[in-house]
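Participant: work00.txt is reproduced in full below (compact mmCIF, C-alpha atoms and all ligand atoms).
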```
# COMPACT_ATOMS: atom_id res chain seq x y z
CA MET A 1 -37.50 47.07 -59.90
CA LEU A 2 -34.88 44.88 -61.54
CA ASP A 3 -36.18 42.01 -59.46
CA LEU A 4 -39.66 42.64 -60.74
CA ILE A 5 -38.50 42.66 -64.34
CA GLN A 6 -36.54 39.49 -63.76
CA LYS A 7 -39.61 37.82 -62.28
CA MET A 8 -41.70 38.94 -65.19
CA LEU A 9 -39.13 37.46 -67.51
CA GLY A 10 -39.13 34.21 -65.62
CA ARG A 11 -35.78 34.74 -63.98
CA GLU A 12 -36.33 34.30 -60.30
CA ALA A 13 -33.43 35.89 -58.53
CA ASN A 14 -33.72 33.55 -55.57
CA GLY A 15 -34.33 30.09 -57.01
CA SER A 16 -31.92 27.37 -55.90
CA LYS A 17 -29.99 27.91 -59.10
CA GLN A 18 -28.32 31.00 -57.69
CA ILE A 19 -27.22 29.05 -54.62
CA ALA A 20 -25.85 26.31 -56.87
CA LYS A 21 -23.88 28.82 -58.92
CA ASP A 22 -22.41 30.55 -55.88
CA ARG A 23 -21.40 27.27 -54.26
CA LEU A 24 -19.89 26.03 -57.48
CA ARG A 25 -17.83 29.20 -57.95
CA LEU A 26 -16.42 28.96 -54.43
CA VAL A 27 -15.59 25.31 -54.69
CA LEU A 28 -13.83 25.85 -58.02
CA VAL A 29 -11.63 28.62 -56.67
CA HIS A 30 -10.07 26.10 -54.33
CA ASP A 31 -10.10 23.20 -56.78
CA ARG A 32 -8.28 25.20 -59.41
CA VAL A 33 -5.62 26.43 -57.00
CA ASN A 34 -5.05 22.92 -55.74
CA VAL A 35 -4.77 21.35 -59.18
CA SER A 36 -1.40 22.99 -59.63
CA PRO A 37 0.91 23.16 -56.63
CA GLN A 38 2.91 25.88 -58.35
CA PHE A 39 -0.10 28.11 -58.83
CA MET A 40 0.48 30.22 -55.70
CA GLU A 41 4.24 30.25 -56.31
CA PHE A 42 3.78 31.60 -59.83
CA LEU A 43 1.38 34.22 -58.54
CA LYS A 44 3.85 35.24 -55.84
CA GLU A 45 6.70 35.56 -58.31
CA ASP A 46 4.62 37.71 -60.62
CA MET A 47 3.53 39.93 -57.74
CA ILE A 48 7.13 40.39 -56.66
CA LYS A 49 8.09 41.45 -60.18
CA VAL A 50 5.38 44.08 -60.34
CA ILE A 51 5.76 45.42 -56.83
CA SER A 52 9.54 45.62 -57.13
CA ASN A 53 9.10 48.39 -59.68
CA TYR A 54 7.75 50.55 -56.92
CA MET A 55 9.27 49.38 -53.68
CA GLU A 56 11.83 47.10 -52.18
CA ILE A 57 10.08 44.27 -50.36
CA ASN A 58 11.08 41.46 -48.06
CA GLU A 59 10.39 38.46 -50.23
CA ARG A 60 11.19 35.94 -47.52
CA GLU A 61 8.48 37.14 -45.22
CA MET A 62 5.93 37.76 -47.90
CA GLU A 63 2.75 35.72 -47.50
CA VAL A 64 0.04 35.21 -50.08
CA ASN A 65 -3.00 33.11 -49.27
CA LEU A 66 -6.60 32.52 -50.21
CA THR A 67 -9.03 32.89 -47.37
CA GLN A 68 -12.67 32.08 -47.41
CA THR A 69 -15.61 33.71 -45.73
CA ASN A 70 -19.14 32.37 -46.02
CA SER A 71 -19.83 33.80 -49.40
CA SER A 72 -16.57 34.81 -50.97
CA VAL A 73 -12.93 34.00 -51.39
CA ALA A 74 -10.29 36.67 -50.91
CA LEU A 75 -6.66 36.82 -51.85
CA VAL A 76 -4.83 38.12 -48.81
CA ALA A 77 -1.24 39.24 -49.13
CA SER A 78 1.09 40.42 -46.42
CA ILE A 79 4.19 41.99 -47.94
CA PRO A 80 6.76 43.66 -45.69
CA VAL A 81 8.13 46.80 -47.37
CA ASN A 82 11.76 47.68 -46.78
CA ARG A 83 12.05 50.85 -48.80
CA MET A 84 10.15 52.90 -51.36
CA LYS A 85 11.70 53.63 -54.72
CA ARG A 86 11.90 57.22 -55.84
CA GLY A 87 10.20 58.35 -59.04
CA ALA A 88 8.96 54.92 -60.04
CA VAL A 89 7.48 54.46 -63.51
CA PRO A 90 5.19 51.61 -64.49
CA ALA A 91 7.00 48.78 -66.28
CA GLU A 92 5.91 47.93 -69.80
CA MET B 1 -7.34 8.67 -91.10
CA GLY B 2 -10.41 8.89 -88.90
CA GLU B 3 -10.84 10.90 -85.74
CA VAL B 4 -10.68 9.48 -82.22
CA ILE B 5 -13.06 11.16 -79.77
CA VAL B 6 -13.23 10.31 -76.08
CA ILE B 7 -16.50 10.86 -74.18
CA THR B 8 -15.60 11.64 -70.59
CA SER B 9 -16.94 13.35 -67.44
CA GLY B 10 -15.25 12.59 -64.16
CA LYS B 11 -18.48 11.90 -62.35
CA GLY B 12 -20.31 8.65 -62.97
CA GLY B 13 -23.91 8.39 -64.11
CA VAL B 14 -24.04 11.67 -66.02
CA GLY B 15 -24.60 10.06 -69.41
CA LYS B 16 -21.27 9.13 -71.02
CA THR B 17 -22.38 5.69 -72.15
CA THR B 18 -25.76 6.95 -73.33
CA THR B 19 -24.02 9.75 -75.24
CA THR B 20 -21.49 7.40 -76.83
CA ALA B 21 -24.24 5.02 -77.98
CA ASN B 22 -26.39 7.78 -79.44
CA LEU B 23 -23.62 9.73 -81.13
CA GLY B 24 -22.21 6.51 -82.57
CA THR B 25 -25.57 5.46 -83.95
CA GLY B 26 -26.05 9.02 -85.19
CA PHE B 27 -22.80 8.85 -87.15
CA ALA B 28 -23.92 5.57 -88.70
CA LEU B 29 -27.23 7.19 -89.66
CA ILE B 30 -25.37 9.76 -91.77
CA GLY B 31 -23.34 6.99 -93.37
CA LYS B 32 -20.11 7.38 -91.43
CA LYS B 33 -18.12 4.30 -90.55
CA VAL B 34 -17.88 4.37 -86.78
CA VAL B 35 -16.64 2.12 -83.98
CA LEU B 36 -17.58 2.48 -80.33
CA VAL B 37 -14.93 1.40 -77.86
CA ASP B 38 -16.04 0.53 -74.34
CA ALA B 39 -13.07 1.54 -72.20
CA ASP B 40 -14.90 0.89 -68.94
CA ILE B 41 -13.05 -2.33 -68.25
CA GLY B 42 -14.64 -4.46 -65.55
CA LEU B 43 -17.96 -2.58 -65.75
CA ARG B 44 -19.05 -3.01 -69.30
CA ASN B 45 -22.27 -1.23 -70.23
CA LEU B 46 -22.12 -0.03 -73.77
CA ASP B 47 -22.94 -3.48 -75.18
CA VAL B 48 -26.21 -3.55 -73.25
CA VAL B 49 -27.16 0.02 -74.13
CA MET B 50 -26.53 -0.87 -77.79
CA GLY B 51 -28.43 -4.16 -77.50
CA LEU B 52 -25.38 -6.14 -78.61
CA GLU B 53 -24.65 -8.03 -75.39
CA ASN B 54 -25.44 -11.44 -76.88
CA ARG B 55 -22.93 -11.16 -79.65
CA ILE B 56 -19.71 -10.73 -77.70
CA VAL B 57 -17.00 -13.28 -78.34
CA TYR B 58 -13.77 -11.36 -77.77
CA ASP B 59 -13.16 -8.08 -75.98
CA LEU B 60 -10.71 -5.18 -75.81
CA VAL B 61 -8.31 -6.97 -73.46
CA ASP B 62 -8.28 -10.02 -75.77
CA VAL B 63 -7.07 -7.65 -78.47
CA THR B 64 -4.38 -5.92 -76.43
CA GLU B 65 -3.13 -9.25 -75.06
CA GLY B 66 -3.04 -10.77 -78.50
CA ASN B 67 -5.65 -13.51 -77.90
CA CYS B 68 -7.39 -12.49 -81.10
CA ARG B 69 -7.03 -10.11 -84.00
CA LEU B 70 -8.66 -6.70 -83.76
CA LYS B 71 -11.14 -7.51 -86.54
CA GLN B 72 -12.33 -10.62 -84.71
CA ALA B 73 -13.30 -8.61 -81.63
CA LEU B 74 -15.34 -6.02 -83.50
CA ILE B 75 -19.09 -6.61 -83.42
CA ARG B 76 -20.98 -5.24 -86.39
CA ASP B 77 -24.40 -3.83 -85.55
CA LYS B 78 -26.77 -5.61 -87.92
CA ARG B 79 -29.21 -2.68 -87.97
CA TYR B 80 -26.66 -0.19 -89.29
CA GLU B 81 -24.11 -1.24 -91.88
CA THR B 82 -21.33 1.05 -90.70
CA LEU B 83 -21.62 0.74 -86.92
CA TYR B 84 -19.27 -1.42 -84.85
CA LEU B 85 -18.61 -2.06 -81.17
CA LEU B 86 -15.44 -3.11 -79.40
CA PRO B 87 -16.68 -4.34 -76.02
CA ALA B 88 -14.83 -4.00 -72.71
CA ALA B 89 -13.64 -7.03 -70.78
CA GLN B 90 -16.00 -7.74 -67.93
CA THR B 91 -13.87 -10.03 -65.76
CA ARG B 92 -10.68 -7.97 -65.77
CA ASP B 93 -9.79 -4.63 -64.23
CA LYS B 94 -8.49 -1.32 -65.53
CA ASN B 95 -4.87 -2.31 -65.05
CA ALA B 96 -5.20 -5.02 -67.69
CA VAL B 97 -4.55 -2.28 -70.27
CA ASN B 98 -2.06 0.58 -70.40
CA PRO B 99 -2.14 3.94 -72.21
CA GLU B 100 0.45 2.84 -74.76
CA GLN B 101 -1.71 -0.13 -75.81
CA MET B 102 -4.75 2.13 -76.07
CA LYS B 103 -2.85 4.55 -78.30
CA GLN B 104 -1.87 1.70 -80.56
CA LEU B 105 -5.44 0.40 -80.65
CA CYS B 106 -6.86 3.82 -81.51
CA ARG B 107 -4.27 4.30 -84.23
CA GLU B 108 -5.24 1.00 -85.84
CA LEU B 109 -8.95 1.69 -85.59
CA SER B 110 -8.64 5.17 -87.04
CA GLU B 111 -7.12 3.68 -90.17
CA ASP B 112 -10.36 1.84 -90.86
CA PHE B 113 -13.03 4.11 -89.42
CA ASP B 114 -14.19 7.69 -89.91
CA TYR B 115 -14.88 8.01 -86.20
CA VAL B 116 -13.67 6.12 -83.16
CA LEU B 117 -15.72 6.96 -80.04
CA ILE B 118 -14.29 5.98 -76.68
CA ASP B 119 -16.68 5.53 -73.75
CA CYS B 120 -14.60 6.56 -70.73
CA PRO B 121 -15.09 5.14 -67.23
CA ALA B 122 -15.87 7.43 -64.30
CA GLY B 123 -12.98 8.69 -62.19
CA ILE B 124 -9.56 10.17 -62.85
CA GLU B 125 -7.42 7.07 -62.33
CA GLN B 126 -5.94 4.48 -64.65
CA GLY B 127 -9.17 3.89 -66.57
CA PHE B 128 -9.44 7.58 -67.42
CA LYS B 129 -5.80 7.74 -68.48
CA ASN B 130 -6.28 4.70 -70.72
CA ALA B 131 -9.42 6.09 -72.29
CA ILE B 132 -7.95 9.47 -73.22
CA ALA B 133 -4.53 8.19 -74.29
CA GLY B 134 -5.35 7.72 -77.97
CA ALA B 135 -7.91 10.50 -78.36
CA ASP B 136 -7.56 13.37 -80.81
CA ARG B 137 -10.27 15.33 -79.05
CA ALA B 138 -12.42 15.14 -75.96
CA VAL B 139 -16.11 15.62 -75.33
CA ILE B 140 -17.10 16.26 -71.73
CA VAL B 141 -20.55 15.33 -70.50
CA THR B 142 -22.02 17.04 -67.47
CA THR B 143 -25.42 17.55 -65.89
CA PRO B 144 -26.60 20.89 -64.47
CA GLU B 145 -25.58 19.97 -60.93
CA VAL B 146 -22.83 21.36 -58.71
CA SER B 147 -21.01 18.05 -58.27
CA ALA B 148 -21.06 17.13 -61.96
CA VAL B 149 -19.86 20.56 -63.11
CA ARG B 150 -17.16 20.54 -60.46
CA ASP B 151 -15.89 17.18 -61.71
CA ALA B 152 -16.07 18.41 -65.29
CA ASP B 153 -13.80 21.30 -64.29
CA ARG B 154 -11.30 18.88 -62.83
CA ILE B 155 -11.38 16.77 -65.98
CA ILE B 156 -10.79 19.83 -68.15
CA GLY B 157 -7.67 20.56 -66.08
CA LEU B 158 -6.43 16.98 -66.36
CA LEU B 159 -7.02 16.87 -70.11
CA GLU B 160 -5.12 20.11 -70.45
CA ALA B 161 -2.22 18.61 -68.48
CA GLU B 162 -2.19 15.67 -70.93
CA GLY B 163 -2.03 18.03 -73.88
CA LYS B 164 -5.67 17.54 -74.91
CA HIS B 165 -6.81 21.08 -75.49
CA ASN B 166 -10.21 22.63 -76.23
CA PRO B 167 -12.57 19.92 -75.04
CA LYS B 168 -16.21 20.45 -75.98
CA LEU B 169 -19.06 20.31 -73.51
CA ILE B 170 -22.39 18.48 -73.64
CA VAL B 171 -24.89 19.43 -70.95
CA ASN B 172 -27.17 16.46 -70.39
CA ARG B 173 -30.51 16.11 -68.60
CA ILE B 174 -31.55 19.74 -68.82
CA ARG B 175 -35.12 20.27 -67.60
CA PRO B 176 -36.44 23.43 -69.21
CA SER B 177 -39.23 23.88 -66.68
CA MET B 178 -36.78 23.81 -63.78
CA VAL B 179 -34.42 26.17 -65.53
CA LYS B 180 -37.33 28.49 -66.14
CA ARG B 181 -38.31 28.65 -62.52
CA GLY B 182 -34.74 29.26 -61.46
CA ASP B 183 -34.17 25.87 -59.88
CA MET B 184 -31.62 24.54 -62.31
CA MET B 185 -28.41 26.09 -63.57
CA ASP B 186 -28.81 27.04 -67.20
CA ILE B 187 -26.40 26.57 -70.06
CA ASP B 188 -25.00 30.09 -69.90
CA ASP B 189 -24.16 29.67 -66.22
CA ILE B 190 -22.31 26.44 -66.82
CA ILE B 191 -20.42 27.63 -69.88
CA ASP B 192 -19.48 30.81 -68.10
CA ILE B 193 -18.07 28.91 -65.14
CA LEU B 194 -16.21 26.21 -67.10
CA ALA B 195 -15.06 28.49 -69.92
CA VAL B 196 -15.29 25.83 -72.62
CA ASP B 197 -17.14 25.60 -75.92
CA LEU B 198 -20.62 24.16 -75.89
CA LEU B 199 -21.18 21.22 -78.22
CA GLY B 200 -24.82 20.62 -77.40
CA ILE B 201 -27.64 20.31 -74.93
CA ILE B 202 -29.58 17.10 -74.27
CA PRO B 203 -32.91 17.41 -72.50
CA GLU B 204 -34.08 15.05 -69.81
CA ASP B 205 -36.02 12.49 -71.84
CA GLU B 206 -38.05 9.43 -70.87
CA TYR B 207 -37.21 7.87 -74.20
CA ILE B 208 -33.64 7.46 -73.03
CA VAL B 209 -34.87 5.02 -70.39
CA ILE B 210 -37.22 3.27 -72.79
CA SER B 211 -34.57 2.92 -75.46
CA THR B 212 -32.03 1.67 -72.95
CA ASN B 213 -34.56 -0.97 -71.92
CA ARG B 214 -34.87 -1.99 -75.55
CA GLY B 215 -31.21 -1.79 -76.44
CA GLU B 216 -31.94 0.67 -79.23
CA PRO B 217 -30.44 4.17 -78.91
CA ALA B 218 -33.00 6.99 -78.69
CA VAL B 219 -31.45 8.87 -81.59
CA VAL B 220 -33.31 6.60 -84.04
CA ASN B 221 -36.66 7.39 -82.45
CA PRO B 222 -38.23 10.50 -84.00
CA ALA B 223 -40.54 10.88 -80.99
CA SER B 224 -37.59 11.40 -78.66
CA ALA B 225 -36.73 15.00 -77.83
CA ALA B 226 -33.12 13.96 -77.26
CA SER B 227 -32.94 12.49 -80.77
CA THR B 228 -32.72 15.84 -82.56
CA ALA B 229 -30.19 17.06 -80.04
CA TYR B 230 -27.95 14.04 -80.66
CA LYS B 231 -28.29 14.37 -84.42
CA ASN B 232 -27.23 18.00 -84.22
CA ILE B 233 -24.20 17.14 -82.12
CA VAL B 234 -23.20 14.50 -84.66
CA ARG B 235 -23.36 17.09 -87.42
CA ARG B 236 -21.33 19.57 -85.38
CA LEU B 237 -18.66 16.95 -84.72
CA ASN B 238 -18.71 16.25 -88.42
CA GLY B 239 -17.77 19.86 -89.07
CA GLU B 240 -21.16 21.37 -89.90
CA ASN B 241 -22.32 24.61 -88.39
CA VAL B 242 -25.63 23.76 -86.73
CA PRO B 243 -27.30 26.38 -84.51
CA LEU B 244 -28.18 25.40 -80.95
CA ILE B 245 -31.77 24.45 -80.30
CA LYS B 246 -33.35 25.78 -77.18
CA PHE B 247 -35.35 23.55 -74.94
CA ASP B 248 -37.28 26.42 -73.44
CA ALA B 249 -40.46 25.40 -71.70
CA ASN B 250 -41.88 28.69 -72.91
CA ASN B 251 -42.55 29.35 -76.53
CA GLY B 252 -44.83 32.33 -76.14
CA ILE B 253 -44.40 36.00 -75.62
CA VAL B 254 -42.18 35.57 -72.59
CA SER B 255 -39.51 33.83 -74.54
CA LYS B 256 -39.68 36.49 -77.23
CA LEU B 257 -39.29 39.15 -74.59
CA LYS B 258 -36.40 37.28 -73.08
CA ARG B 259 -34.68 37.10 -76.38
CA PHE B 260 -35.36 40.76 -76.95
CA PHE B 261 -33.66 41.53 -73.67
CA GLY B 262 -30.77 39.31 -74.53
CA PHE B 263 -31.54 36.62 -71.99
CA GLY B 264 -31.89 33.86 -74.56
CA GLU B 265 -29.77 30.77 -74.49
CA GLY B 266 -28.23 31.20 -77.91
N1 LIG C 301 -31.00 12.76 -71.19
C1 LIG C 301 -31.37 11.78 -70.34
N2 LIG C 301 -32.67 11.66 -69.97
C2 LIG C 301 -33.03 10.66 -69.13
N3 LIG C 301 -32.22 9.74 -68.62
C3 LIG C 301 -30.91 9.80 -68.94
C4 LIG C 301 -30.42 10.81 -69.84
N4 LIG C 301 -29.09 10.62 -69.98
C5 LIG C 301 -28.76 9.54 -69.23
N5 LIG C 301 -29.85 9.05 -68.61
C6 LIG C 301 -29.87 7.88 -67.69
O1 LIG C 301 -28.90 8.09 -66.67
C7 LIG C 301 -28.28 6.90 -66.30
C8 LIG C 301 -26.78 7.00 -66.40
O2 LIG C 301 -26.40 7.16 -67.75
P1 LIG C 301 -25.06 6.53 -68.33
O3 LIG C 301 -25.01 6.88 -69.77
O4 LIG C 301 -24.95 5.09 -67.98
O5 LIG C 301 -23.98 7.37 -67.52
P2 LIG C 301 -22.40 7.15 -67.38
O6 LIG C 301 -21.95 6.30 -68.53
O7 LIG C 301 -21.83 8.55 -67.42
O8 LIG C 301 -22.18 6.50 -66.06
C9 LIG C 301 -28.85 5.80 -67.21
O9 LIG C 301 -29.83 5.11 -66.51
C10 LIG C 301 -29.45 6.60 -68.36
O10 LIG C 301 -30.53 5.92 -68.94
MG MG C 302 -20.80 4.46 -68.48
```
Could you render the structure as structure tokens?

Facilitator:
Amino acid sequence: MLDLIQKMLGREANGSKQIAKDRLRLVLVHDRVNVSPQFMEFLKEDMIKVISNYMEINEREMEVNLTQTNSSVALVASIPVNRMKRGAVPAE
Amino acid sequence: MGEVIVITSGKGGVGKTTTTANLGTGFALIGKKVVLVDADIGLRNLDVVMGLENRIVYDLVDVTEGNCRLKQALIRDKRYETLYLLPAAQTRDKNAVNPEQMKQLCRELSEDFDYVLIDCPAGIEQGFKNAIAGADRAVIVTTPEVSAVRDADRIIGLLEAEGKHNPKLIVNRIRPSMVKRGDMMDIDDIIDILAVDLLGIIPEDEYIVISTNRGEPAVVNPASAASTAYKNIVRRLNGENVPLIKFDANNGIVSKLKRFFGFGEG
């Protein structure tokens, strides 16, 4: 139904424009990460800060990476947990 | 003190030189004193697009190396009182100039002119660094293609790193009929992805080719669809609030419906 409305309104859902947009988005995810070498480091540090409010983690063995499938990019993190904190409250 | 604006893109062939020539001429048309600086050293183009190639005596490198005074190298466009060109050197390369010299040059020019427009070379190397060095603000030109938008994104990042914030975007060579049938990215898509402010939209226009053949920027030709678009951009750069024109291929009920549903291009 939405498709039909879009067609009526001249917005073909499957013109090459959509492909262009999707490809552009994917390519820019990687470009933007690579522009700044510290990008992933900053992200990691921020994640550590947040997670540390709730649990004690092994920062040395923590891994944070972007992985790509055909149509999407995912942020995959592997964070070994040493110990849970008791009665954690969200940080301000 | 005038304003120094660099016209840049990353990718070559997207319309930087054409944009510089038309915006410059557009500024002269509203009586502003403007100088166009061709920073594409070794590949000079702007002189030909402006139809001033036969009047070059000195060039930018002659100025920075002290072979002549700045005033001697400026070519006044005889058609428009307030329009000047500083041509690039053709037989030298980008390393003949450094960013410090460009800053100095821009500072001097901005004392005499309302607007200094810098036509940036393609790429992200020395030539790019020279061209942006003295700029107060940046205008990025792109076309609605994946590679051009990608390069524009890179340029936005590099400008940011050099402390040049809030660049404005011109989307060139839009073909309304292709956008309509879903075969070309539209303005909203591009703005959404790049997250920058839109300065204007230039349609694909045969008059650009014709006027380049003649050495007479299209902005002066009332028959050119791009002309109005350039004039509006000039006014926006000059601080006026000019609404965006839409180059919709459809002017009938469909476009009204689209607008009603909020699909318009603003
Ligand atoms: N809006 C347009 N419509 C049609 N042709 C265009 C348009 N903009 C640029 N062109 C053409 O595209 C080519 C490249 O433009 P140019 O301004 O030299 O790009 P750049 O300086 O970015 O390399 C030129 O042949 C020019 O005439
Ligand atoms: Mg050029």

Participant: Given the choices B:Met1, B:Met102, B:Ile118, B:Leu198, which gets closest to ligand MG 302 (chain C) if the distance is worked out from only C-alpha atoms and all ligand atoms?

Facilitator: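 The closest residue to ligand MG 302 (chain C) is B:Ile118.
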
Participant: Considering all atoms listed in the file, extract the chain B residues located within 7 Å of chain A and return them as a list in words.

Facilitator: Val146, Arg150, Lys180, Arg181, Gly182, Asp183, Met184, Met185, Val254 and Lys258 of chain B

Participant: Quote the spacing between CA of Ala135 (chain B) and CA of Gly24 (chain B) in Å to one decimal place.

Facilitator: 15.4 Å

Participant: Can you pull out the residues contacting Glu206 (chain B)? Cut-off 12 Å, using all atoms listed in the file, and skip same-chain residues under 3 positions away; I want them as a PyMOL selection string.

Facilitator: chain B and resi 173+175+202-203+209-213+218+221+223-227

Participant: Per residue of chain B within 9 Å of ligand LIG 301 (chain C), note the shortest atom pair and the distance in Å to one decimal, counting all atoms listed in the file, and order the rows by chain and increasing residue number, as JSON lines.

Facilitator:
```
{"residue": "B:Ile7", "atom": "CA", "partner": "C:LIG301", "partner_atom": "O7", "distance": 8.9}
{"residue": "B:Thr8", "atom": "CA", "partner": "C:LIG301", "partner_atom": "O7", "distance": 7.6}
{"residue": "B:Ser9", "atom": "CA", "partner": "C:LIG301", "partner_atom": "O7", "distance": 6.9}
{"residue": "B:Gly10", "atom": "CA", "partner": "C:LIG301", "partner_atom": "O7", "distance": 8.4}
{"residue": "B:Lys11", "atom": "CA", "partner": "C:LIG301", "partner_atom": "O7", "distance": 6.9}
{"residue": "B:Gly12", "atom": "CA", "partner": "C:LIG301", "partner_atom": "O8", "distance": 4.2}
{"residue": "B:Gly13", "atom": "CA", "partner": "C:LIG301", "partner_atom": "O8", "distance": 3.2}
{"residue": "B:Val14", "atom": "CA", "partner": "C:LIG301", "partner_atom": "O7", "distance": 4.1}
{"residue": "B:Gly15", "atom": "CA", "partner": "C:LIG301", "partner_atom": "O3", "distance": 3.2}
{"residue": "B:Lys16", "atom": "CA", "partner": "C:LIG301", "partner_atom": "O7", "distance": 3.7}
{"residue": "B:Thr17", "atom": "CA", "partner": "C:LIG301", "partner_atom": "O6", "distance": 3.7}
{"residue": "B:Thr18", "atom": "CA", "partner": "C:LIG301", "partner_atom": "O3", "distance": 3.6}
{"residue": "B:Thr19", "atom": "CA", "partner": "C:LIG301", "partner_atom": "O3", "distance": 6.3}
{"residue": "B:Thr20", "atom": "CA", "partner": "C:LIG301", "partner_atom": "O3", "distance": 7.9}
{"residue": "B:Ala21", "atom": "CA", "partner": "C:LIG301", "partner_atom": "O3", "distance": 8.5}
{"residue": "B:Asp40", "atom": "CA", "partner": "C:LIG301", "partner_atom": "O6", "distance": 8.9}
{"residue": "B:Asn45", "atom": "CA", "partner": "C:LIG301", "partner_atom": "O4", "distance": 7.2}
{"residue": "B:Leu46", "atom": "CA", "partner": "C:LIG301", "partner_atom": "O6", "distance": 8.2}
{"residue": "B:Val49", "atom": "CA", "partner": "C:LIG301", "partner_atom": "O4", "distance": 8.3}
{"residue": "B:Asp119", "atom": "CA", "partner": "C:LIG301", "partner_atom": "O6", "distance": 7.5}
{"residue": "B:Cys120", "atom": "CA", "partner": "C:LIG301", "partner_atom": "O6", "distance": 7.7}
{"residue": "B:Pro121", "atom": "CA", "partner": "C:LIG301", "partner_atom": "O6", "distance": 7.1}
{"residue": "B:Ala122", "atom": "CA", "partner": "C:LIG301", "partner_atom": "O8", "distance": 6.6}
{"residue": "B:Val141", "atom": "CA", "partner": "C:LIG301", "partner_atom": "O7", "distance": 7.6}
{"residue": "B:Thr142", "atom": "CA", "partner": "C:LIG301", "partner_atom": "O7", "distance": 8.5}
{"residue": "B:Thr143", "atom": "CA", "partner": "C:LIG301", "partner_atom": "N4", "distance": 8.8}
{"residue": "B:Asn172", "atom": "CA", "partner": "C:LIG301", "partner_atom": "N1", "distance": 5.4}
{"residue": "B:Arg173", "atom": "CA", "partner": "C:LIG301", "partner_atom": "N1", "distance": 4.3}
{"residue": "B:Ile174", "atom": "CA", "partner": "C:LIG301", "partner_atom": "N1", "distance": 7.4}
{"residue": "B:Ile202", "atom": "CA", "partner": "C:LIG301", "partner_atom": "N1", "distance": 5.5}
{"residue": "B:Pro203", "atom": "CA", "partner": "C:LIG301", "partner_atom": "N1", "distance": 5.2}
{"residue": "B:Glu204", "atom": "CA", "partner": "C:LIG301", "partner_atom": "N2", "distance": 3.7}
{"residue": "B:Asp205", "atom": "CA", "partner": "C:LIG301", "partner_atom": "N2", "distance": 3.9}
{"residue": "B:Glu206", "atom": "CA", "partner": "C:LIG301", "partner_atom": "C2", "distance": 5.5}
{"residue": "B:Tyr207", "atom": "CA", "partner": "C:LIG301", "partner_atom": "C2", "distance": 7.1}
{"residue": "B:Ile208", "atom": "CA", "partner": "C:LIG301", "partner_atom": "C2", "distance": 5.1}
{"residue": "B:Val209", "atom": "CA", "partner": "C:LIG301", "partner_atom": "O10", "distance": 4.7}
{"residue": "B:Ile210", "atom": "CA", "partner": "C:LIG301", "partner_atom": "O10", "distance": 8.2}
{"residue": "B:Ser211", "atom": "CA", "partner": "C:LIG301", "partner_atom": "O10", "distance": 8.2}
{"residue": "B:Thr212", "atom": "CA", "partner": "C:LIG301", "partner_atom": "O10", "distance": 6.0}
{"residue": "B:Asn213", "atom": "CA", "partner": "C:LIG301", "partner_atom": "O10", "distance": 8.5}
{"residue": "B:Ala226", "atom": "CA", "partner": "C:LIG301", "partner_atom": "N1", "distance": 6.5}
```

Participant: Using all atoms listed in the file, which residues sit within 10 Å of region 70-86 of chain A once same-chain residues fewer than 4 positions away are excluded, as a ChimeraX atom specification?

Facilitator: /A:22-23,25-27,29-30,44,47-48,51-66

Participant: Print the selection's residues with C-alpha atoms to a file, as a PDB file, in the coordinates of the input.

Facilitator:
```
ATOM      1  CA  ASP A  22     -22.410  30.550 -55.880  1.00  0.00           C
ATOM      2  CA  ARG A  23     -21.400  27.270 -54.260  1.00  0.00           C
ATOM      3  CA  ARG A  25     -17.830  29.200 -57.950  1.00  0.00           C
ATOM      4  CA  LEU A  26     -16.420  28.960 -54.430  1.00  0.00           C
ATOM      5  CA  VAL A  27     -15.590  25.310 -54.690  1.00  0.00           C
ATOM      6  CA  VAL A  29     -11.630  28.620 -56.670  1.00  0.00           C
ATOM      7  CA  HIS A  30     -10.070  26.100 -54.330  1.00  0.00           C
ATOM      8  CA  LYS A  44       3.850  35.240 -55.840  1.00  0.00           C
ATOM      9  CA  MET A  47       3.530  39.930 -57.740  1.00  0.00           C
ATOM     10  CA  ILE A  48       7.130  40.390 -56.660  1.00  0.00           C
ATOM     11  CA  ILE A  51       5.760  45.420 -56.830  1.00  0.00           C
ATOM     12  CA  SER A  52       9.540  45.620 -57.130  1.00  0.00           C
ATOM     13  CA  ASN A  53       9.100  48.390 -59.680  1.00  0.00           C
ATOM     14  CA  TYR A  54       7.750  50.550 -56.920  1.00  0.00           C
ATOM     15  CA  MET A  55       9.270  49.380 -53.680  1.00  0.00           C
ATOM     16  CA  GLU A  56      11.830  47.100 -52.180  1.00  0.00           C
ATOM     17  CA  ILE A  57      10.080  44.270 -50.360  1.00  0.00           C
ATOM     18  CA  ASN A  58      11.080  41.460 -48.060  1.00  0.00           C
ATOM     19  CA  GLU A  59      10.390  38.460 -50.230  1.00  0.00           C
ATOM     20  CA  ARG A  60      11.190  35.940 -47.520  1.00  0.00           C
ATOM     21  CA  GLU A  61       8.480  37.140 -45.220  1.00  0.00           C
ATOM     22  CA  MET A  62       5.930  37.760 -47.900  1.00  0.00           C
ATOM     23  CA  GLU A  63       2.750  35.720 -47.500  1.00  0.00           C
ATOM     24  CA  VAL A  64       0.040  35.210 -50.080  1.00  0.00           C
ATOM     25  CA  ASN A  65      -3.000  33.110 -49.270  1.00  0.00           C
ATOM     26  CA  LEU A  66      -6.600  32.520 -50.210  1.00  0.00           C
TER      27      LEU A  66
END
```

Participant: Hey, which of B:Leu105, B:Val139, B:Ile190, B:Val48 ends up closest to Val234 (chain B)? Count only C-alpha atoms.

Facilitator: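 For Val234 (chain B), the nearest of the given residues is B:Val139.
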